[in-house]
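Student: If you scroll down you'll find the structure; I have some questions about it.
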Amino acid sequence: MAKLQIIRCSIQSSKIEPKSGDDNTFEATINPESYSHNYALKYTGTMGKGDAAVGTSGAVPKYSMAEPEKLSFSIVVDGTGVVPDAADQPVADQIDKLRTVVYDYDGDEHEPTAVKIVWGNGLKEFFGRLTDMSVDYTLFHPDGTALRAKIKLNFIEARTAAQEALEAKRRSPDLTHVVRVQSGDTLPLLCYRIYKDASKYLDIAAFNDLDNFRELEPNTLLRFPPMR
């Protein structure tokens, strides 16, 4: 059975590269019983606080952005000798190895370590950074040495600058767009494409000093500023 692996990575502008060597890889000797992979979208209201019209029940949610994905799971480390792959590895050493891979500050990157998490065909790869790690010690030797511990790990998605730009697709209403008018384009149609709101066409006409916005000239460059 494939073992869950956590591999230290370096993040460059265009890609995330796993680092080689045993020192940069933690392999679970006991796989997690389950894991949680969370996706979330963020929405904002169309009206600011105190601007709701009389008789309305509230603001209409509008899409703002995709939140970073999150991954959570727990693993057990054992030092009793009953787990063959960890027979000669004290619990403290296993935890230290895990901390080195997921927790320690990376002096070369000047930020917390990025990691790649893989587990067979189910979790093929997740690039992220640790947000928190908690260790519950559950079994001890008579001398007080920990013999077993359960470790809870939470990660948030790590992305490169290139991935951010690609996923944004330069369609976010928080970005300024420059659009070349094509034959058949209308200002309400362009506003809908960018803002998902055709009613903003008068604001865009004023912003671009258009005298006749009803008949757009092909190849004209129009600017669409951030709007809510």
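Residues in the structure tokens are named by chain (A, B, ... in the order shown) and by number from 1 within that chain; ligands are numbered from 1 in the order shown.
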Considering only C-alpha atoms, return as a list in words whatever protein or nucleic-acid residues lie within 9 Å of Ser199 (chain A), sequence-local ones (same chain, fewer than 5 positions apart) excluded.

Tutor: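 Close residues of Ser199 (chain A): Pro188, Cys191 and Tyr192 of chain A.
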
Student: From region 85-135 of chain A, collect each residue whose DSSP state is strand (DSSP E or B) and return the set as a list in words.

Tutor: Tyr105, Asp106, Glu111, Pro112, Ala114, Val115, Lys116, Ile117, Val118, Trp119, Leu123, Lys124, Glu125, Phe126, Phe127, Gly128, Arg129, Leu130, Thr131, Asp132, Met133, Ser134 and Val135 of chain A

Student: To one decimal in Å, tell me the separation between CA of Ile7 (chain A) and CA of Lys19 (chain A).

Tutor: 7.0 Å

Student: Contacts of region 100-103 of chain A at 12 Å or less, counting only C-alpha atoms, minus same-chain residues fewer than 4 places along, as a VMD selection string?

Tutor: chain A and resid 5 to 10 18 to 27 93 to 96 111 to 117 127 to 134 153 to 156

Student: Please identify all polymer residues within 10 Å of region 201-206 of chain A, counting only C-alpha atoms, omitting same-chain residues fewer than 4 positions from it, and present them as a VMD selection string.

Tutor: chain A and resid 186 to 192 197 210 to 214 222 to 225 227

Student: Write a file of the selected residues as a PDB file, in the first residue's frame, keeping N, CA and C atoms.

Tutor:
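Listing of part_14.pdb after writing:
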ATOM      1  N   THR A 186     -20.952  45.694 -27.798  1.00  0.00           N
ATOM      2  CA  THR A 186     -21.663  46.838 -27.231  1.00  0.00           C
ATOM      3  C   THR A 186     -21.121  47.077 -25.835  1.00  0.00           C
ATOM      4  N   LEU A 187     -21.299  48.277 -25.338  1.00  0.00           N
ATOM      5  CA  LEU A 187     -20.765  48.587 -24.016  1.00  0.00           C
ATOM      6  C   LEU A 187     -21.454  47.764 -22.917  1.00  0.00           C
ATOM      7  N   PRO A 188     -22.786  47.612 -22.945  1.00  0.00           N
ATOM      8  CA  PRO A 188     -23.409  46.742 -21.932  1.00  0.00           C
ATOM      9  C   PRO A 188     -22.882  45.311 -21.999  1.00  0.00           C
ATOM     10  N   LEU A 189     -22.634  44.793 -23.209  1.00  0.00           N
ATOM     11  CA  LEU A 189     -22.123  43.430 -23.338  1.00  0.00           C
ATOM     12  C   LEU A 189     -20.725  43.313 -22.742  1.00  0.00           C
ATOM     13  N   LEU A 190     -19.857  44.273 -23.018  1.00  0.00           N
ATOM     14  CA  LEU A 190     -18.502  44.239 -22.466  1.00  0.00           C
ATOM     15  C   LEU A 190     -18.531  44.369 -20.941  1.00  0.00           C
ATOM     16  N   CYS A 191     -19.429  45.206 -20.430  1.00  0.00           N
ATOM     17  CA  CYS A 191     -19.550  45.349 -18.974  1.00  0.00           C
ATOM     18  C   CYS A 191     -20.001  44.043 -18.340  1.00  0.00           C
ATOM     19  N   TYR A 192     -20.887  43.347 -19.012  1.00  0.00           N
ATOM     20  CA  TYR A 192     -21.343  42.078 -18.463  1.00  0.00           C
ATOM     21  C   TYR A 192     -20.211  41.054 -18.454  1.00  0.00           C
ATOM     22  N   ASP A 197     -22.241  42.607 -14.870  1.00  0.00           N
ATOM     23  CA  ASP A 197     -23.253  43.632 -14.586  1.00  0.00           C
ATOM     24  C   ASP A 197     -23.298  44.596 -15.764  1.00  0.00           C
ATOM     25  N   LEU A 210     -16.533  58.736 -23.794  1.00  0.00           N
ATOM     26  CA  LEU A 210     -17.205  58.368 -25.039  1.00  0.00           C
ATOM     27  C   LEU A 210     -18.398  59.287 -25.285  1.00  0.00           C
ATOM     28  N   ASP A 211     -18.417  59.907 -26.471  1.00  0.00           N
ATOM     29  CA  ASP A 211     -19.549  60.760 -26.836  1.00  0.00           C
ATOM     30  C   ASP A 211     -20.711  59.917 -27.356  1.00  0.00           C
ATOM     31  N   ASN A 212     -20.364  58.839 -28.090  1.00  0.00           N
ATOM     32  CA  ASN A 212     -21.403  57.975 -28.653  1.00  0.00           C
ATOM     33  C   ASN A 212     -21.093  56.536 -28.281  1.00  0.00           C
ATOM     34  N   PHE A 213     -21.624  56.108 -27.136  1.00  0.00           N
ATOM     35  CA  PHE A 213     -21.306  54.757 -26.659  1.00  0.00           C
ATOM     36  C   PHE A 213     -22.225  53.704 -27.267  1.00  0.00           C
ATOM     37  N   ARG A 214     -23.265  54.153 -28.006  1.00  0.00           N
ATOM     38  CA  ARG A 214     -24.192  53.187 -28.596  1.00  0.00           C
ATOM     39  C   ARG A 214     -23.603  52.503 -29.827  1.00  0.00           C
ATOM     40  N   LEU A 222     -10.678  50.368 -24.945  1.00  0.00           N
ATOM     41  CA  LEU A 222     -11.443  50.879 -23.817  1.00  0.00           C
ATOM     42  C   LEU A 222     -10.850  50.367 -22.511  1.00  0.00           C
ATOM     43  N   ARG A 223     -10.878  51.216 -21.505  1.00  0.00           N
ATOM     44  CA  ARG A 223     -10.384  50.830 -20.182  1.00  0.00           C
ATOM     45  C   ARG A 223     -11.572  50.548 -19.263  1.00  0.00           C
ATOM     46  N   PHE A 224     -11.446  49.459 -18.491  1.00  0.00           N
ATOM     47  CA  PHE A 224     -12.465  49.051 -17.536  1.00  0.00           C
ATOM     48  C   PHE A 224     -11.812  48.982 -16.164  1.00  0.00           C
ATOM     49  N   PRO A 225     -12.019  49.985 -15.309  1.00  0.00           N
ATOM     50  CA  PRO A 225     -11.342  50.016 -14.002  1.00  0.00           C
ATOM     51  C   PRO A 225     -12.003  49.086 -12.999  1.00  0.00           C
ATOM     52  N   MET A 227     -14.301  47.845 -10.228  1.00  0.00           N
ATOM     53  CA  MET A 227     -15.609  48.333  -9.799  1.00  0.00           C
ATOM     54  C   MET A 227     -16.288  47.312  -8.923  1.00  0.00           C
TER      55      MET A 227
END

Student: Write out as an mmCIF file with C-alpha atoms, in the first residue's frame which residues come within 9 Å of Val77 (chain A) when counting only C-alpha atoms, dropping same-chain ones fewer than 4 positions away.

Tutor:
data_model
loop_
_atom_site.group_PDB
_atom_site.id
_atom_site.type_symbol
_atom_site.label_atom_id
_atom_site.label_comp_id
_atom_site.auth_asym_id
_atom_site.auth_seq_id
_atom_site.Cartn_x
_atom_site.Cartn_y
_atom_site.Cartn_z
ATOM 1 C CA ALA A 28 3.994 8.165 7.200
ATOM 2 C CA THR A 29 4.486 4.673 8.633
ATOM 3 C CA ILE A 30 0.749 4.543 9.431
ATOM 4 C CA ALA A 86 9.207 2.486 12.501
ATOM 5 C CA PRO A 90 11.622 6.801 18.541
ATOM 6 C CA VAL A 91 8.474 8.926 18.507
ATOM 7 C CA GLN A 94 9.706 10.971 13.949
ATOM 8 C CA ILE A 95 8.110 14.194 15.161
ATOM 9 C CA LEU A 147 5.628 5.668 22.599
ATOM 10 C CA ARG A 148 2.766 6.855 20.444
ATOM 11 C CA ALA A 149 1.343 10.184 19.307
ATOM 12 C CA LYS A 150 -1.434 11.461 17.064
ATOM 13 C CA ILE A 151 -0.514 14.499 14.975
#

Student: Write out as a PDB file with C-alpha atoms, in the first residue's frame each polymer residue whose atoms come within 10 Å of Ser34 (chain A), counting only C-alpha atoms; drop sequence neighbours fewer than 4 positions from it.

Tutor:
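File produced: selection-v2.pdb:
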ATOM      1  CA  SER A  72      -6.417  18.479   6.799  1.00  0.00           C
ATOM      2  CA  PHE A  73      -5.581  15.040   8.171  1.00  0.00           C
ATOM      3  CA  SER A  74      -4.146  13.239  11.188  1.00  0.00           C
ATOM      4  CA  ILE A  75      -1.362  10.675  11.337  1.00  0.00           C
TER       5      ILE A  75
END

Student: Provide the CA of Val181 (chain A) to CA of Asn219 (chain A) distance in Å, to one decimal place.

Tutor: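 Between these atoms lies a distance of 5.0 Å.
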
Student: Of the residues A:Val178, A:Leu4, A:Ala146, A:Leu216, which is the one nearest to Gly79 (chain A), using only C-alpha atoms?

Tutor: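 So, comparing all the options, the nearest one is A:Ala146.
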
Student: Restricting the calculation to only C-alpha atoms, which member of A:Pro61, A:Gly184, A:Pro68, A:Pro142 is positioned closest to Tyr43 (chain A)?

Tutor: A:Pro61

Student: Identify, on the basis of only C-alpha atoms, every residue whose closest approach to Ile11 (chain A) does not exceed 9 Å; exclude the query and any residue fewer than 6 positions from it along the same chain; express the result as a VMD selection string.

Tutor: chain A and resid 17 to 18 109 114 158 to 160

Student: Give me a file of those residues, with all heavy atoms, as a short mmCIF file (atom, residue, chain, number, x, y, z; two decimals), in the first residue's frame.

Tutor:
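Output file part_35.cif is given in full below:
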data_model
loop_
_atom_site.label_atom_id
_atom_site.label_comp_id
_atom_site.auth_asym_id
_atom_site.auth_seq_id
_atom_site.Cartn_x
_atom_site.Cartn_y
_atom_site.Cartn_z
N GLU A 17 8.90 23.28 -7.02
CA GLU A 17 9.78 22.14 -7.25
C GLU A 17 10.05 21.38 -5.95
O GLU A 17 10.55 21.96 -4.98
CB GLU A 17 11.12 22.61 -7.82
CG GLU A 17 11.08 23.00 -9.29
CD GLU A 17 10.92 21.80 -10.20
OE1 GLU A 17 11.19 20.67 -9.76
OE2 GLU A 17 10.51 21.99 -11.36
N PRO A 18 9.70 20.08 -5.89
CA PRO A 18 10.06 19.27 -4.72
C PRO A 18 11.58 19.17 -4.60
O PRO A 18 12.29 19.07 -5.59
CB PRO A 18 9.43 17.91 -5.03
CG PRO A 18 8.37 18.18 -6.04
CD PRO A 18 8.89 19.33 -6.86
N GLU A 109 14.19 30.45 1.13
CA GLU A 109 12.98 31.04 0.56
C GLU A 109 12.50 32.26 1.35
O GLU A 109 11.67 33.03 0.87
CB GLU A 109 11.85 30.00 0.54
CG GLU A 109 12.19 28.73 -0.23
CD GLU A 109 12.35 28.97 -1.71
OE1 GLU A 109 11.75 29.93 -2.23
OE2 GLU A 109 13.07 28.19 -2.35
N ALA A 114 7.19 25.35 1.86
CA ALA A 114 6.13 24.82 1.01
C ALA A 114 6.37 23.32 0.87
O ALA A 114 7.51 22.86 0.85
CB ALA A 114 6.16 25.48 -0.37
N ALA A 158 -0.54 26.36 -1.65
CA ALA A 158 0.57 27.21 -2.08
C ALA A 158 0.51 27.34 -3.60
O ALA A 158 0.32 26.35 -4.30
CB ALA A 158 1.91 26.59 -1.66
N ARG A 159 0.69 28.56 -4.09
CA ARG A 159 0.64 28.81 -5.52
C ARG A 159 1.82 29.68 -5.94
O ARG A 159 2.34 30.46 -5.15
CB ARG A 159 -0.65 29.54 -5.92
CG ARG A 159 -1.93 28.77 -5.69
CD ARG A 159 -3.11 29.63 -6.05
NE ARG A 159 -4.38 28.95 -5.86
CZ ARG A 159 -5.56 29.54 -6.02
NH1 ARG A 159 -5.62 30.82 -6.35
NH2 ARG A 159 -6.67 28.86 -5.84
N THR A 160 2.20 29.56 -7.20
CA THR A 160 3.23 30.44 -7.76
C THR A 160 2.55 31.70 -8.29
O THR A 160 1.34 31.75 -8.48
CB THR A 160 3.98 29.76 -8.91
OG1 THR A 160 3.07 29.55 -10.00
CG2 THR A 160 4.55 28.42 -8.47
#

Student: In Å to one decimal, how far is CA of Ala2 (chain A) from CA of Val82 (chain A)?

Tutor: 19.0 Å

Student: Between A:Thr80, A:Lys15, A:Val179, A:Asp104, single out the one closest to His141 (chain A), counting only C-alpha atoms.

Tutor: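 The answer is A:Thr80, which sits nearest to His141 (chain A).
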
Student: Choose the residue, out of A:Asp78, A:Asp85, A:Glu67, A:Glu125, that has the smallest atom-to-atom separation from Lys42 (chain A); count only C-alpha atoms.

Tutor: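 Closest to Lys42 (chain A), using only C-alpha atoms: A:Glu67.
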